[in-house]
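Structure file structure.cif with mmCIF, N, CA and C atoms:
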data_input
loop_
_atom_site.label_atom_id
_atom_site.label_comp_id
_atom_site.auth_asym_id
_atom_site.auth_seq_id
_atom_site.Cartn_x
_atom_site.Cartn_y
_atom_site.Cartn_z
N MET A 126 48.92 271.63 107.06
CA MET A 126 49.99 271.99 106.16
C MET A 126 49.62 273.24 105.35
N LYS A 127 48.34 273.32 104.96
CA LYS A 127 47.91 274.47 104.17
C LYS A 127 48.06 275.77 104.95
N SER A 128 47.66 275.75 106.22
CA SER A 128 47.76 276.97 107.01
C SER A 128 49.23 277.32 107.29
N ASN A 129 50.08 276.30 107.46
CA ASN A 129 51.50 276.58 107.67
C ASN A 129 52.13 277.23 106.45
N LEU A 130 51.80 276.72 105.26
CA LEU A 130 52.34 277.32 104.03
C LEU A 130 51.81 278.73 103.84
N ARG A 131 50.56 278.95 104.19
CA ARG A 131 49.98 280.29 104.05
C ARG A 131 50.67 281.27 105.00
N VAL A 132 50.93 280.83 106.23
CA VAL A 132 51.63 281.69 107.20
C VAL A 132 53.05 281.98 106.72
N LEU A 133 53.74 280.97 106.20
CA LEU A 133 55.10 281.19 105.69
C LEU A 133 55.10 282.14 104.50
N SER A 134 54.09 282.04 103.65
CA SER A 134 53.98 282.93 102.51
C SER A 134 53.78 284.37 102.97
N ILE A 135 52.90 284.57 103.92
CA ILE A 135 52.65 285.92 104.44
C ILE A 135 53.90 286.47 105.13
N ILE A 136 54.59 285.63 105.88
CA ILE A 136 55.83 286.06 106.55
C ILE A 136 56.87 286.48 105.52
N ALA A 137 56.99 285.73 104.42
CA ALA A 137 57.96 286.09 103.38
C ALA A 137 57.61 287.44 102.76
N PHE A 138 56.31 287.70 102.54
CA PHE A 138 55.92 289.00 102.01
C PHE A 138 56.22 290.12 103.00
N VAL A 139 55.97 289.89 104.27
CA VAL A 139 56.19 290.92 105.29
C VAL A 139 57.68 291.19 105.49
N ILE A 140 58.50 290.17 105.39
CA ILE A 140 59.94 290.32 105.60
C ILE A 140 60.62 291.03 104.42
N ALA A 141 59.97 291.08 103.26
CA ALA A 141 60.61 291.60 102.06
C ALA A 141 61.11 293.03 102.22
N VAL A 142 60.29 293.93 102.70
CA VAL A 142 60.70 295.34 102.80
C VAL A 142 61.74 295.56 103.90
N PRO A 143 61.57 294.99 105.12
CA PRO A 143 62.66 295.17 106.09
C PRO A 143 63.99 294.56 105.64
N SER A 144 63.92 293.47 104.88
CA SER A 144 65.18 292.89 104.38
C SER A 144 65.85 293.82 103.39
N LEU A 145 65.06 294.55 102.62
CA LEU A 145 65.63 295.56 101.71
C LEU A 145 66.39 296.62 102.51
N ILE A 146 65.76 297.12 103.56
CA ILE A 146 66.37 298.20 104.35
C ILE A 146 67.61 297.71 105.09
N ILE A 147 67.47 296.59 105.78
CA ILE A 147 68.58 296.10 106.60
C ILE A 147 69.76 295.66 105.75
N THR A 148 69.50 294.91 104.69
CA THR A 148 70.60 294.43 103.85
C THR A 148 71.29 295.58 103.14
N ASP A 149 70.50 296.55 102.67
CA ASP A 149 71.11 297.68 101.97
C ASP A 149 71.91 298.55 102.92
N TRP A 150 71.56 298.54 104.18
CA TRP A 150 72.29 299.30 105.17
C TRP A 150 73.71 298.75 105.34
N TYR A 151 73.85 297.44 105.38
CA TYR A 151 75.14 296.82 105.61
C TYR A 151 75.89 296.47 104.32
N TYR A 152 75.16 296.04 103.28
CA TYR A 152 75.77 295.66 102.00
C TYR A 152 75.11 296.46 100.89
N LYS A 153 75.71 297.56 100.54
CA LYS A 153 75.13 298.48 99.56
C LYS A 153 74.88 297.77 98.23
N GLY A 154 73.67 297.92 97.73
CA GLY A 154 73.33 297.38 96.42
C GLY A 154 72.73 295.99 96.44
N PHE A 155 72.72 295.33 97.58
CA PHE A 155 72.18 293.97 97.63
C PHE A 155 70.82 293.88 98.33
N GLY A 156 70.31 295.01 98.81
CA GLY A 156 69.02 295.02 99.49
C GLY A 156 67.87 294.66 98.57
N ILE A 157 67.91 295.19 97.35
CA ILE A 157 66.83 294.90 96.41
C ILE A 157 66.85 293.42 96.00
N LEU A 158 68.02 292.84 95.96
CA LEU A 158 68.12 291.41 95.66
C LEU A 158 67.43 290.59 96.75
N MET A 159 67.69 290.93 98.00
CA MET A 159 67.05 290.21 99.10
C MET A 159 65.54 290.42 99.10
N MET A 160 65.10 291.64 98.78
CA MET A 160 63.67 291.89 98.72
C MET A 160 63.00 291.03 97.65
N PHE A 161 63.59 290.98 96.48
CA PHE A 161 63.01 290.17 95.40
C PHE A 161 63.07 288.68 95.71
N ILE A 162 64.10 288.25 96.43
CA ILE A 162 64.17 286.84 96.82
C ILE A 162 63.04 286.50 97.77
N PHE A 163 62.78 287.34 98.76
CA PHE A 163 61.68 287.07 99.69
C PHE A 163 60.32 287.18 99.02
N LEU A 164 60.15 288.12 98.10
CA LEU A 164 58.90 288.20 97.34
C LEU A 164 58.69 286.94 96.51
N THR A 165 59.75 286.45 95.90
CA THR A 165 59.66 285.23 95.10
C THR A 165 59.31 284.04 95.98
N ILE A 166 59.91 283.95 97.15
CA ILE A 166 59.60 282.85 98.07
C ILE A 166 58.12 282.90 98.46
N GLY A 167 57.62 284.10 98.75
CA GLY A 167 56.21 284.23 99.11
C GLY A 167 55.29 283.83 97.98
N LEU A 168 55.61 284.23 96.75
CA LEU A 168 54.78 283.86 95.60
C LEU A 168 54.83 282.37 95.32
N VAL A 169 56.01 281.77 95.43
CA VAL A 169 56.15 280.33 95.19
C VAL A 169 55.38 279.53 96.24
N LEU A 170 55.46 279.93 97.49
CA LEU A 170 54.71 279.24 98.54
C LEU A 170 53.21 279.36 98.30
N ASP A 171 52.76 280.53 97.84
CA ASP A 171 51.35 280.70 97.52
C ASP A 171 50.92 279.78 96.38
N GLN A 172 51.77 279.64 95.38
CA GLN A 172 51.45 278.76 94.26
C GLN A 172 51.51 277.29 94.66
N ILE A 173 52.38 276.95 95.59
CA ILE A 173 52.43 275.56 96.07
C ILE A 173 51.15 275.22 96.82
N ILE A 174 50.59 276.19 97.55
CA ILE A 174 49.30 275.97 98.20
C ILE A 174 48.24 275.65 97.15
N ARG A 175 48.24 276.42 96.06
CA ARG A 175 47.26 276.18 95.00
C ARG A 175 47.51 274.86 94.28
N LEU A 176 48.76 274.43 94.23
CA LEU A 176 49.10 273.15 93.59
C LEU A 176 48.64 271.98 94.44
N LYS A 177 48.95 272.03 95.72
CA LYS A 177 48.64 270.91 96.61
C LYS A 177 47.17 270.83 96.99
N PHE A 178 46.51 271.99 97.07
CA PHE A 178 45.11 272.03 97.51
C PHE A 178 44.28 272.80 96.50
N PRO A 179 43.94 272.17 95.36
CA PRO A 179 43.14 272.89 94.35
C PRO A 179 41.73 273.18 94.86
N VAL A 180 41.19 274.31 94.44
CA VAL A 180 39.86 274.73 94.88
C VAL A 180 38.78 273.91 94.19
N SER A 181 38.98 273.62 92.91
CA SER A 181 38.00 272.86 92.13
C SER A 181 38.54 271.48 91.81
N VAL A 182 37.67 270.63 91.30
CA VAL A 182 38.07 269.29 90.85
C VAL A 182 38.55 269.41 89.41
N VAL A 183 39.74 268.91 89.13
CA VAL A 183 40.29 268.96 87.78
C VAL A 183 40.22 267.58 87.16
N SER A 184 40.11 267.56 85.81
CA SER A 184 39.90 266.28 85.14
C SER A 184 41.16 265.44 85.06
N THR A 185 42.26 266.02 84.66
CA THR A 185 43.51 265.26 84.62
C THR A 185 44.47 265.87 85.65
N LEU A 186 44.59 265.19 86.77
CA LEU A 186 45.38 265.72 87.88
C LEU A 186 46.86 265.82 87.53
N ASN A 187 47.39 264.87 86.77
CA ASN A 187 48.80 264.90 86.41
C ASN A 187 49.11 266.12 85.53
N ASN A 188 48.25 266.39 84.56
CA ASN A 188 48.45 267.58 83.72
C ASN A 188 48.35 268.86 84.54
N TYR A 189 47.44 268.88 85.50
CA TYR A 189 47.28 270.04 86.37
C TYR A 189 48.56 270.30 87.16
N LYS A 190 49.14 269.26 87.71
CA LYS A 190 50.36 269.43 88.51
C LYS A 190 51.53 269.88 87.65
N ILE A 191 51.70 269.27 86.48
CA ILE A 191 52.80 269.68 85.60
C ILE A 191 52.60 271.11 85.14
N ASN A 192 51.36 271.47 84.81
CA ASN A 192 51.04 272.84 84.40
C ASN A 192 51.40 273.83 85.50
N LYS A 193 51.03 273.53 86.72
CA LYS A 193 51.31 274.44 87.84
C LYS A 193 52.81 274.56 88.11
N VAL A 194 53.54 273.45 88.00
CA VAL A 194 55.00 273.50 88.23
C VAL A 194 55.67 274.37 87.16
N LEU A 195 55.26 274.20 85.90
CA LEU A 195 55.82 275.03 84.84
C LEU A 195 55.46 276.50 85.04
N ASN A 196 54.25 276.75 85.52
CA ASN A 196 53.86 278.14 85.80
C ASN A 196 54.62 278.72 86.98
N ILE A 197 54.96 277.89 87.96
CA ILE A 197 55.77 278.37 89.08
C ILE A 197 57.17 278.75 88.61
N VAL A 198 57.76 277.93 87.74
CA VAL A 198 59.09 278.24 87.20
C VAL A 198 59.05 279.53 86.39
N SER A 199 58.01 279.70 85.56
CA SER A 199 57.91 280.93 84.78
C SER A 199 57.66 282.13 85.68
N LEU A 200 56.93 281.95 86.77
CA LEU A 200 56.72 283.04 87.73
C LEU A 200 58.05 283.48 88.35
N VAL A 201 58.88 282.52 88.71
CA VAL A 201 60.19 282.85 89.27
C VAL A 201 61.03 283.60 88.23
N LEU A 202 60.98 283.16 86.99
CA LEU A 202 61.74 283.86 85.94
C LEU A 202 61.23 285.29 85.74
N PHE A 203 59.92 285.49 85.74
CA PHE A 203 59.37 286.83 85.57
C PHE A 203 59.74 287.75 86.74
N VAL A 204 59.62 287.24 87.95
CA VAL A 204 59.87 288.09 89.12
C VAL A 204 61.36 288.40 89.26
N GLN A 205 62.21 287.45 88.92
CA GLN A 205 63.65 287.67 89.09
C GLN A 205 64.31 288.33 87.88
N SER A 206 63.56 288.58 86.80
CA SER A 206 64.17 289.19 85.62
C SER A 206 64.76 290.58 85.88
N PRO A 207 64.18 291.43 86.74
CA PRO A 207 64.87 292.70 87.03
C PRO A 207 66.23 292.51 87.69
N MET A 208 66.39 291.40 88.42
CA MET A 208 67.69 291.16 89.05
C MET A 208 68.75 290.85 87.98
N GLY A 209 68.33 290.18 86.91
CA GLY A 209 69.27 289.96 85.81
C GLY A 209 69.69 291.27 85.18
N LEU A 210 68.75 292.21 85.07
CA LEU A 210 69.06 293.51 84.50
C LEU A 210 70.01 294.29 85.40
N ILE A 211 69.71 294.31 86.69
CA ILE A 211 70.51 295.12 87.62
C ILE A 211 71.91 294.54 87.79
N TYR A 212 72.00 293.25 88.10
CA TYR A 212 73.29 292.67 88.43
C TYR A 212 74.05 292.18 87.21
N GLY A 213 73.37 291.98 86.09
CA GLY A 213 74.07 291.61 84.86
C GLY A 213 74.86 292.76 84.30
N ASN A 214 74.35 293.97 84.47
CA ASN A 214 75.07 295.15 83.97
C ASN A 214 76.30 295.47 84.81
N LYS A 215 76.39 294.91 86.02
CA LYS A 215 77.59 295.11 86.82
C LYS A 215 78.75 294.29 86.28
N CYS A 216 78.43 293.20 85.57
CA CYS A 216 79.48 292.34 85.01
C CYS A 216 80.00 292.88 83.68
N ALA A 217 79.09 293.21 82.77
CA ALA A 217 79.48 293.71 81.45
C ALA A 217 78.36 294.62 80.94
N ASP A 218 78.72 295.52 80.04
CA ASP A 218 77.73 296.43 79.47
C ASP A 218 76.71 295.66 78.63
N ASN A 219 75.47 296.01 78.79
CA ASN A 219 74.32 295.43 78.08
C ASN A 219 74.09 293.95 78.36
N LEU A 220 74.85 293.34 79.23
CA LEU A 220 74.62 291.94 79.57
C LEU A 220 73.32 291.79 80.35
N GLY A 221 73.02 292.76 81.20
CA GLY A 221 71.82 292.70 82.00
C GLY A 221 70.55 292.71 81.17
N PHE A 222 70.53 293.51 80.12
CA PHE A 222 69.36 293.54 79.24
C PHE A 222 69.13 292.19 78.60
N TRP A 223 70.20 291.57 78.13
CA TRP A 223 70.04 290.28 77.45
C TRP A 223 69.65 289.18 78.43
N ILE A 224 70.18 289.23 79.63
CA ILE A 224 69.77 288.25 80.65
C ILE A 224 68.28 288.41 80.97
N MET A 225 67.84 289.67 81.13
CA MET A 225 66.44 289.92 81.42
C MET A 225 65.56 289.47 80.26
N ALA A 226 65.97 289.77 79.03
CA ALA A 226 65.18 289.39 77.87
C ALA A 226 65.08 287.87 77.74
N ILE A 227 66.18 287.17 78.00
CA ILE A 227 66.16 285.71 77.92
C ILE A 227 65.27 285.12 79.01
N MET A 228 65.33 285.68 80.22
CA MET A 228 64.49 285.19 81.30
C MET A 228 63.01 285.39 80.98
N ILE A 229 62.65 286.54 80.44
CA ILE A 229 61.25 286.81 80.09
C ILE A 229 60.80 285.91 78.95
N CYS A 230 61.63 285.75 77.93
CA CYS A 230 61.26 284.88 76.80
C CYS A 230 61.12 283.43 77.24
N LEU A 231 62.00 282.97 78.10
CA LEU A 231 61.91 281.61 78.61
C LEU A 231 60.65 281.44 79.47
N GLY A 232 60.30 282.44 80.25
CA GLY A 232 59.08 282.39 81.04
C GLY A 232 57.84 282.33 80.18
N VAL A 233 57.80 283.15 79.11
CA VAL A 233 56.65 283.12 78.19
C VAL A 233 56.58 281.77 77.49
N SER A 234 57.73 281.23 77.09
CA SER A 234 57.75 279.92 76.42
C SER A 234 57.24 278.82 77.35
N LEU A 235 57.69 278.82 78.59
CA LEU A 235 57.22 277.81 79.55
C LEU A 235 55.72 277.93 79.82
N THR A 236 55.23 279.16 79.88
CA THR A 236 53.80 279.36 80.08
C THR A 236 53.00 278.82 78.91
N GLN A 237 53.50 279.04 77.70
CA GLN A 237 52.79 278.53 76.52
C GLN A 237 52.86 277.02 76.44
N ILE A 238 53.99 276.43 76.80
CA ILE A 238 54.09 274.97 76.83
C ILE A 238 53.13 274.40 77.85
N ALA A 239 53.05 275.04 79.02
CA ALA A 239 52.14 274.57 80.06
C ALA A 239 50.69 274.67 79.59
N ALA A 240 50.35 275.76 78.91
CA ALA A 240 48.96 275.95 78.48
C ALA A 240 48.58 275.02 77.33
N ASN A 241 49.49 274.77 76.42
CA ASN A 241 49.14 273.99 75.23
C ASN A 241 49.33 272.49 75.40
N LYS A 242 50.41 272.09 76.02
CA LYS A 242 50.69 270.65 76.13
C LYS A 242 50.05 270.02 77.36
N TYR A 243 50.03 270.73 78.46
CA TYR A 243 49.51 270.18 79.71
C TYR A 243 48.23 270.90 80.14
N HIS A 244 47.27 270.97 79.25
CA HIS A 244 46.01 271.63 79.59
C HIS A 244 45.12 270.68 80.40
N TYR A 245 44.26 271.25 81.16
CA TYR A 245 43.35 270.49 82.02
C TYR A 245 41.99 271.18 82.02
N THR A 246 40.98 270.48 82.44
CA THR A 246 39.66 271.08 82.52
C THR A 246 39.16 271.00 83.97
N ILE A 247 38.39 272.01 84.31
CA ILE A 247 37.82 272.06 85.67
C ILE A 247 36.42 271.48 85.63
N GLU A 248 36.20 270.49 86.46
CA GLU A 248 34.88 269.86 86.51
C GLU A 248 34.01 270.58 87.52
N LYS A 249 32.75 270.70 87.18
CA LYS A 249 31.81 271.39 88.09
C LYS A 249 30.90 270.42 88.76
#

Now, as a test, write the supplied structure out as structure tokens.
Amino acid sequence: MKSNLRVLSIIAFVIAVPSLIITDWYYKGFGILMMFIFLTIGLVLDQIIRLKFPVSVVSTLNNYKINKVLNIVSLVLFVQSPMGLIYGNKCADNLGFWIMAIMICLGVSLTQIAANKYHYTIEK
């Protein structure tokens, strides 16, 4: 399963740039959205590998898993925040900035909650 997830992650990273070119060729303005979606999929799959197969032994496994899930959600918010800026401004003026700012603030908040409430220690 680990090697399958790793291969899928690498495939998602490799597909990102061609999807930008091909999608933008047929649907103007949506290529960058597809590229960021594939990059996000690749990053999430990489983090799921780290969640399911930790390198070290952790002391509280439940806290480790909750911490990693919250970090995955914040990673998605950070990576997709430029999409809020780009496509939010198509709906209304300055809406994209506020969507991006909210996504980044929510990501920072989730990261801090994960670090403070669900902390874990690595055993050697």

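Non-sequential neighbours of region 168-180 of chain A (distance at most 6.5 Å, separation of 5 or more positions within a chain, only N, CA and C atoms) are A:Lys127, A:Leu130, A:Arg131, A:Ser134, A:Phe163, A:Lys190, A:Lys193, A:Ile197.
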
**Request:** as an MDAnalysis selection string, please: all residues of chain A that backbone DSSP puts in alpha helix (DSSP H).
**Result:** chainID A and resid 127:151 156:177 186:216 220:242

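When atom C of Val233 (chain A) is paired with CA of Thr185 (chain A), their separation reads 22.2 Å.
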
**Request:** Could you tell me how far atom C of Val204 (chain A) lies from CA of Ile238 (chain A), in Å and to one decimal?
**Result:** 19.7 Å

**Request:** Name all residues at most 8 Å from Ser206 (chain A) (count only C-alpha atoms; drop same-chain ones fewer than 4 positions away) and give them as a PyMOL selection string.
**Result:** chain A and resi 202+210+224-226+228-229

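The coordinates place atom N of Ser144 (chain A) at 7.6 Å from CA of Gly156 (chain A).
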
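Residues matching the PyMOL selection byres (((chain A and resi 199 and name CA) around 8) and name CA) in this structure come to Leu195, Asn196, Ile197, Val198, Leu200, Val201, Leu202, Phe203, Leu231, Gly232, Val233, Leu235 and Thr236 of chain A.
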
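Residues lying within 6 Å of (39.7, 267.9, 83.0). Counted over only N, CA and C atoms, they are Val183, Ser184, Thr185, Tyr245, Thr246, Ile247 and Glu248 of chain A.
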
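Minimum atom-to-atom distance to Ile227 (chain A), evaluated using only C-alpha atoms, belongs to A:Gly209 out of A:Val132, A:Lys249, A:Ala240, A:Gly209.
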
**Request:** Run DSSP on the backbone and grab whatever in chain A lands in strand (DSSP E or B); send it over as a ChimeraX atom specification.
**Result:** /A:182-183,247-248

**Message:** I'd like the neighbourhood of Gly167 (chain A) as a PyMOL selection string, where a residue qualifies if any of its atoms comes within 6.5 Å (using only N, CA and C atoms), though same-chain residues fewer than 5 positions away should be ignored.
**Reply:** chain A and resi 133-135+137-138+162+172

I need the chosen residues saved as a PDB file, in the coordinates of the input, with N, CA and C atoms.
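Saved the output as result_7.pdb:
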ATOM      1  N   LEU A 133      53.740 280.970 106.200  1.00  0.00           N
ATOM      2  CA  LEU A 133      55.100 281.190 105.690  1.00  0.00           C
ATOM      3  C   LEU A 133      55.100 282.140 104.500  1.00  0.00           C
ATOM      4  N   SER A 134      54.090 282.040 103.650  1.00  0.00           N
ATOM      5  CA  SER A 134      53.980 282.930 102.510  1.00  0.00           C
ATOM      6  C   SER A 134      53.780 284.370 102.970  1.00  0.00           C
ATOM      7  N   ILE A 135      52.900 284.570 103.920  1.00  0.00           N
ATOM      8  CA  ILE A 135      52.650 285.920 104.440  1.00  0.00           C
ATOM      9  C   ILE A 135      53.900 286.470 105.130  1.00  0.00           C
ATOM     10  N   ALA A 137      56.990 285.730 104.420  1.00  0.00           N
ATOM     11  CA  ALA A 137      57.960 286.090 103.380  1.00  0.00           C
ATOM     12  C   ALA A 137      57.610 287.440 102.760  1.00  0.00           C
ATOM     13  N   PHE A 138      56.310 287.700 102.540  1.00  0.00           N
ATOM     14  CA  PHE A 138      55.920 289.000 102.010  1.00  0.00           C
ATOM     15  C   PHE A 138      56.220 290.120 103.000  1.00  0.00           C
ATOM     16  N   ILE A 162      64.100 288.250  96.430  1.00  0.00           N
ATOM     17  CA  ILE A 162      64.170 286.840  96.820  1.00  0.00           C
ATOM     18  C   ILE A 162      63.040 286.500  97.770  1.00  0.00           C
ATOM     19  N   GLN A 172      51.770 279.640  95.380  1.00  0.00           N
ATOM     20  CA  GLN A 172      51.450 278.760  94.260  1.00  0.00           C
ATOM     21  C   GLN A 172      51.510 277.290  94.660  1.00  0.00           C
TER      22      GLN A 172
END

Got a sec: who's within 10 Å of Ile147 (chain A), counting only C-alpha atoms, leaving out chain neighbours fewer than 6 positions off, as a PDB file with N, CA and C atoms, in the frame of the given file?
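Produced file around_30.pdb, reproduced below:
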ATOM      1  N   LYS A 153      75.710 297.560 100.540  1.00  0.00           N
ATOM      2  CA  LYS A 153      75.130 298.480  99.560  1.00  0.00           C
ATOM      3  C   LYS A 153      74.880 297.770  98.230  1.00  0.00           C
ATOM      4  N   PHE A 155      72.720 295.330  97.580  1.00  0.00           N
ATOM      5  CA  PHE A 155      72.180 293.970  97.630  1.00  0.00           C
ATOM      6  C   PHE A 155      70.820 293.880  98.330  1.00  0.00           C
ATOM      7  N   GLY A 156      70.310 295.010  98.810  1.00  0.00           N
ATOM      8  CA  GLY A 156      69.020 295.020  99.490  1.00  0.00           C
ATOM      9  C   GLY A 156      67.870 294.660  98.570  1.00  0.00           C
ATOM     10  N   MET A 159      67.690 290.930  98.000  1.00  0.00           N
ATOM     11  CA  MET A 159      67.050 290.210  99.100  1.00  0.00           C
ATOM     12  C   MET A 159      65.540 290.420  99.100  1.00  0.00           C
TER      13      MET A 159
END

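Using all atoms listed in the file, the smallest distance between any of A:Ile146, A:Ile211, A:Ala239, A:Ile140 and Asn192 (chain A) comes from A:Ala239.
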
As AutoDock Vina command-line options, please report the centre and edge lengths, rounded to one decimal in Å, of the axis-aligned box that holds all listed atoms of region 186-195 of chain A with 4 Å of padding on each of the six sides.
--center_x 50.2 --center_y 270.7 --center_z 86.1 --size_x 19.2 --size_y 19.6 --size_z 12.8

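Of the residues under consideration (A:Tyr243, A:Tyr152, A:Tyr212, A:Phe161), A:Tyr243 shows the shortest atom-to-atom contact distance to Ile191 (chain A) when counting only C-alpha atoms.
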